[in-house]
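Raw start_11.txt, compact mmCIF, C-alpha atoms:
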# COMPACT_ATOMS: atom_id res chain seq x y z
CA MET X 1 19.71 15.49 44.63
CA GLY X 2 20.31 18.76 42.79
CA ASP X 3 17.77 20.94 41.05
CA HIS X 4 17.36 19.76 37.48
CA GLY X 5 14.47 22.07 36.61
CA PRO X 6 10.86 21.15 35.92
CA ILE X 7 11.66 18.07 33.89
CA ALA X 8 13.18 16.41 36.93
CA SER X 9 10.41 17.37 39.31
CA ARG X 10 8.91 14.40 41.13
CA ILE X 11 5.61 13.10 39.83
CA GLY X 12 3.12 10.41 40.80
CA ASP X 13 5.00 7.47 42.24
CA GLY X 14 8.17 9.46 42.95
CA MET X 15 9.74 9.09 39.50
CA THR X 16 11.03 12.13 37.69
CA GLN X 17 9.54 12.99 34.31
CA LEU X 18 12.84 12.02 32.70
CA GLU X 19 12.90 8.66 34.53
CA LEU X 20 9.29 8.07 33.51
CA GLN X 21 10.12 8.70 29.83
CA ARG X 22 13.08 6.31 29.93
CA SER X 23 11.43 3.60 32.01
CA PRO X 24 10.91 0.36 30.06
CA THR X 25 8.08 -0.59 32.42
CA VAL X 26 5.98 2.48 31.66
CA ARG X 27 3.91 1.78 28.59
CA GLN X 28 3.19 4.42 26.03
CA PRO X 29 -0.44 4.79 25.02
CA LYS X 30 -1.63 2.35 22.37
CA ARG X 31 -2.26 5.25 20.01
CA SER X 32 1.46 6.07 20.01
CA GLY X 33 2.29 2.61 18.64
CA ARG X 34 -0.32 2.98 15.92
CA THR X 35 0.99 6.43 15.04
CA ARG X 36 4.53 5.02 14.84
CA ARG X 37 3.37 2.34 12.40
CA LEU X 38 1.44 4.85 10.29
CA PHE X 39 4.40 7.22 10.19
CA ALA X 40 6.86 4.44 9.37
CA VAL X 41 4.76 3.17 6.46
CA ASP X 42 4.14 6.71 5.19
CA LEU X 43 7.84 7.57 5.37
CA ALA X 44 8.88 4.31 3.69
CA LEU X 45 6.35 4.83 0.90
CA PHE X 46 7.55 8.40 0.36
CA VAL X 47 11.21 7.36 0.13
CA LEU X 48 10.36 4.44 -2.17
CA PHE X 49 8.22 6.75 -4.30
CA LEU X 50 11.15 9.15 -4.72
CA LEU X 51 13.41 6.25 -5.71
CA VAL X 52 10.97 4.64 -8.12
CA MET X 53 10.45 7.99 -9.86
CA ASN X 54 14.14 8.09 -10.79
CA VAL X 55 14.54 5.25 -13.30
CA PRO X 56 18.00 6.43 -14.46
CA LEU X 57 19.20 6.11 -10.85
CA THR X 58 17.64 2.73 -10.08
CA GLY X 59 17.59 1.08 -13.48
CA LEU X 60 14.50 -0.59 -14.93
CA ALA X 61 14.70 -3.85 -12.95
CA ILE X 62 14.91 -2.12 -9.54
CA HIS X 63 12.24 0.37 -10.69
CA GLU X 64 9.86 -2.51 -11.39
CA TRP X 65 10.58 -4.36 -8.13
CA LEU X 66 10.24 -1.14 -6.12
CA GLY X 67 6.92 -0.56 -7.87
CA ILE X 68 5.73 -3.95 -6.65
CA VAL X 69 6.93 -3.15 -3.11
CA ILE X 70 5.08 0.17 -3.25
CA ALA X 71 1.90 -1.64 -4.35
CA VAL X 72 2.18 -3.87 -1.27
CA GLY X 73 2.96 -0.82 0.90
CA MET X 74 -0.08 1.02 -0.45
CA THR X 75 -2.24 -1.96 0.47
CA VAL X 76 -0.82 -1.86 4.01
CA HIS X 77 -1.42 1.91 4.08
CA LEU X 78 -5.06 1.46 3.07
CA VAL X 79 -5.60 -1.27 5.66
CA GLN X 80 -4.03 0.93 8.35
CA HIS X 81 -6.41 3.74 7.43
CA GLY X 82 -9.44 1.49 7.02
CA ASP X 83 -11.23 3.03 9.99
CA TRP X 84 -10.77 6.54 8.56
CA ILE X 85 -11.94 5.41 5.12
CA ALA X 86 -15.06 3.77 6.56
CA SER X 87 -15.83 6.76 8.78
CA MET X 88 -15.34 9.30 5.98
CA SER X 89 -17.36 7.19 3.54
CA GLN X 90 -20.30 7.36 5.94
CA ARG X 91 -19.85 11.05 6.76
CA LEU X 92 -19.06 12.26 3.24
CA MET X 93 -22.64 13.32 2.56
CA ALA X 94 -23.27 14.46 6.12
CA ALA X 95 -21.92 17.57 7.78
CA THR X 96 -18.15 17.32 7.64
CA ALA X 97 -15.35 19.79 7.07
CA PHE X 98 -14.57 20.78 3.49
CA GLN X 99 -10.94 19.72 4.01
CA ASN X 100 -12.10 16.20 4.94
CA ARG X 101 -14.11 15.97 1.72
CA VAL X 102 -11.17 17.16 -0.38
CA ASN X 103 -8.77 14.80 1.43
CA TYR X 104 -11.18 11.91 0.79
CA LEU X 105 -11.39 12.75 -2.92
CA VAL X 106 -7.59 13.04 -3.11
CA MET X 107 -7.32 9.61 -1.48
CA ILE X 108 -9.74 8.14 -4.04
CA GLY X 109 -7.68 9.72 -6.82
CA LEU X 110 -4.48 8.29 -5.32
CA PHE X 111 -6.05 4.84 -5.08
CA VAL X 112 -7.19 4.93 -8.71
CA GLY X 113 -3.86 6.40 -9.81
CA PHE X 114 -1.65 3.93 -7.95
CA SER X 115 -3.87 1.05 -9.11
CA SER X 116 -3.51 2.26 -12.68
CA ILE X 117 0.27 2.62 -12.31
CA THR X 118 0.55 -0.85 -10.77
CA VAL X 119 -1.59 -2.69 -13.32
CA SER X 120 -0.09 -0.91 -16.32
CA GLY X 121 3.41 -1.31 -14.86
CA LEU X 122 2.91 -5.04 -14.50
CA LEU X 123 1.57 -5.27 -18.06
CA ILE X 124 4.63 -3.50 -19.50
CA SER X 125 7.13 -5.24 -17.22
CA GLU X 126 10.38 -6.11 -18.93
CA SER X 127 12.20 -7.46 -15.89
CA ALA X 128 10.21 -8.37 -12.76
CA LEU X 129 7.46 -10.51 -14.29
CA PRO X 130 9.70 -12.16 -16.91
CA TRP X 131 12.02 -13.08 -14.03
CA ILE X 132 9.21 -15.16 -12.49
CA GLY X 133 8.36 -16.73 -15.85
CA TYR X 134 5.57 -14.46 -17.12
CA ALA X 135 6.22 -12.18 -20.06
CA PRO X 136 3.30 -9.78 -20.50
CA GLY X 137 2.76 -8.45 -23.99
CA GLY X 138 2.56 -4.84 -22.91
CA GLY X 139 1.71 -2.36 -25.59
CA GLU X 140 1.65 1.33 -26.30
CA PHE X 141 -1.67 1.90 -24.52
CA TRP X 142 -0.36 0.43 -21.26
CA LEU X 143 2.84 2.46 -21.48
CA TRP X 144 0.80 5.62 -22.14
CA LEU X 145 -1.52 4.82 -19.19
CA HIS X 146 1.48 4.15 -16.93
CA LEU X 147 3.23 7.42 -17.77
CA SER X 148 0.02 9.51 -17.71
CA SER X 149 -1.03 8.10 -14.35
CA VAL X 150 2.38 8.93 -12.91
CA GLY X 151 1.86 12.59 -13.83
CA TRP X 152 -1.39 13.04 -11.97
CA VAL X 153 -0.34 10.83 -9.05
CA VAL X 154 2.68 13.10 -8.47
CA ALA X 155 0.30 16.07 -8.30
CA LEU X 156 -2.08 14.23 -5.95
CA VAL X 157 0.80 13.10 -3.70
CA ALA X 158 1.90 16.73 -3.41
CA ILE X 159 -1.66 17.77 -2.46
CA HIS X 160 -1.93 14.86 0.00
CA ILE X 161 1.36 15.80 1.69
CA ALA X 162 0.37 19.47 1.83
CA MET X 163 -3.01 18.64 3.38
CA ASN X 164 -1.39 16.42 6.00
CA TRP X 165 1.73 18.54 6.55
CA ARG X 166 0.88 19.55 10.12
CA TRP X 167 0.38 15.92 11.19
CA THR X 168 3.60 14.92 9.41
CA VAL X 169 5.71 17.64 11.04
CA ASN X 170 4.21 17.13 14.52
CA THR X 171 4.63 13.36 14.30
CA ALA X 172 8.21 13.69 13.07
CA LYS X 173 8.99 16.04 15.96
CA ARG X 174 7.43 13.68 18.50
CA LEU X 175 8.75 10.37 17.16
CA VAL X 176 12.11 11.33 15.66
CA ILE X 177 13.43 14.71 16.75
CA SER X 178 12.40 14.69 20.44
CA PRO X 179 13.82 11.20 21.13
CA MET X 180 17.10 12.17 19.43
CA ARG X 181 17.33 15.28 21.61
CA SER X 182 16.55 13.24 24.73
CA ARG X 183 19.34 10.77 23.91
CA ARG X 184 21.83 13.58 23.39
CA ALA X 185 20.81 15.28 26.64
CA GLY X 186 20.96 12.04 28.64

Mind turning the file's structure into structure tokens?
Amino acid sequence: MGDHGPIASRIGDGMTQLELQRSPTVRQPKRSGRTRRLFAVDLALFVLFLLVMNVPLTGLAIHEWLGIVIAVGMTVHLVQHGDWIASMSQRLMAATAFQNRVNYLVMIGLFVGFSSITVSGLLISESALPWIGYAPGGGEFWLWLHLSSVGWVVALVAIHIAMNWRWTVNTAKRLVISPMRSRRAG
């Protein structure tokens, strides 16, 4: 066996670090699976959000259906972060970092904003709901609310991404970039 540097040094039960990483019998920590799910939902929501924001690209029908998918995705996102929401709700008035308080308030704003976009979007639907047999009356107020909510949700999404940028970059490196490099090297 030749010298393959520190990554190939023998560890524990005689496996190399590289063998340990590739072994299907070695389980990753449970947290890694949860992080993968969180990252996958976050990434999917971000891509869908970019698509739904471009109505000329998608057309109105796809815009509406993507909006419904995003509403479901946001529900999944909230459920996934339920422990954080409960913990922060309890600690909000106690001693906690300023950034946590701001992040919590941004999350509340996003919840209200996405709820507003979803409800108003459903009430002005010209394609998705009529397709299932319900034709909402809509109205100028609901259109105004839909478009106004979009404006401040875009700003809040930007703040949310900026506040969580380090986690996003580190998670992308660990879950996407590092595995791709390992596959190329192996």

Practice task
May I ask for the distance between atom CA of X:Leu60 and atom CA of X:His77, given in Å to one decimal place?
Solution key: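 Pair atom CA of X:Leu60 / atom CA of X:His77 returns 24.9 Å.
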
Given all atoms listed in the file, how would the per-residue table for stretch 91-128 of chain X near stretch 146-170 of chain X read, listing every residue at most 9 Å away with its closest atom pair and distance in Å to one decimal, sorted by chain and number, as JSON lines?
{"residue": "X:Gln99", "atom": "CA", "partner": "X:Met163", "partner_atom": "CA", "distance": 8.0}
{"residue": "X:Asn103", "atom": "CA", "partner": "X:His160", "partner_atom": "CA", "distance": 7.0}
{"residue": "X:Val106", "atom": "CA", "partner": "X:Leu156", "partner_atom": "CA", "distance": 6.3}
{"residue": "X:Met107", "atom": "CA", "partner": "X:His160", "partner_atom": "CA", "distance": 7.7}
{"residue": "X:Gly109", "atom": "CA", "partner": "X:Leu156", "partner_atom": "CA", "distance": 7.2}
{"residue": "X:Leu110", "atom": "CA", "partner": "X:Val153", "partner_atom": "CA", "distance": 6.1}
{"residue": "X:Val112", "atom": "CA", "partner": "X:Ser149", "partner_atom": "CA", "distance": 8.9}
{"residue": "X:Gly113", "atom": "CA", "partner": "X:Ser149", "partner_atom": "CA", "distance": 5.6}
{"residue": "X:Phe114", "atom": "CA", "partner": "X:Val153", "partner_atom": "CA", "distance": 7.1}
{"residue": "X:Ser116", "atom": "CA", "partner": "X:Ser149", "partner_atom": "CA", "distance": 6.6}
{"residue": "X:Ile117", "atom": "CA", "partner": "X:His146", "partner_atom": "CA", "distance": 5.0}
{"residue": "X:Thr118", "atom": "CA", "partner": "X:His146", "partner_atom": "CA", "distance": 8.0}
{"residue": "X:Val119", "atom": "CA", "partner": "X:His146", "partner_atom": "CA", "distance": 8.3}
{"residue": "X:Ser120", "atom": "CA", "partner": "X:His146", "partner_atom": "CA", "distance": 5.3}
{"residue": "X:Gly121", "atom": "CA", "partner": "X:His146", "partner_atom": "CA", "distance": 6.1}
{"residue": "X:Ile124", "atom": "CA", "partner": "X:His146", "partner_atom": "CA", "distance": 8.7}

Handout entry: Separation of atom CA of X:Trp65 from atom CA of X:Ile132 in Å
Key =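 These two atoms are separated by 11.7 Å.
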
Practice task
Calculate how many Å separate atom CA of X:Asn54 from atom CA of X:Leu66, rounding to one decimal.
Solution key: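 Between these atoms lies a distance of 11.1 Å.
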
Problem - 10 Å contact set for X:Glu126, all atoms listed in the file, chain neighbours under 4 positions out, as a ChimeraX atom specification - result: /X:60-61,64,121-122,130-131,134-138

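Counting all atoms listed in the file, X:Val79 has the following residues at most 12 Å away, ignoring those fewer than 6 positions along the same chain: Arg37, Leu38, Val41, Val72, Gly73, Ile85 and Ala86 of chain X.
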
Practice task
May I have the residues within 12 Å of X:Arg101 as a PyMOL selection string, using only C-alpha atoms and disregarding those fewer than 2 positions away in the same chain?
Solution key: chain X and resi 85+87-99+103-108+163
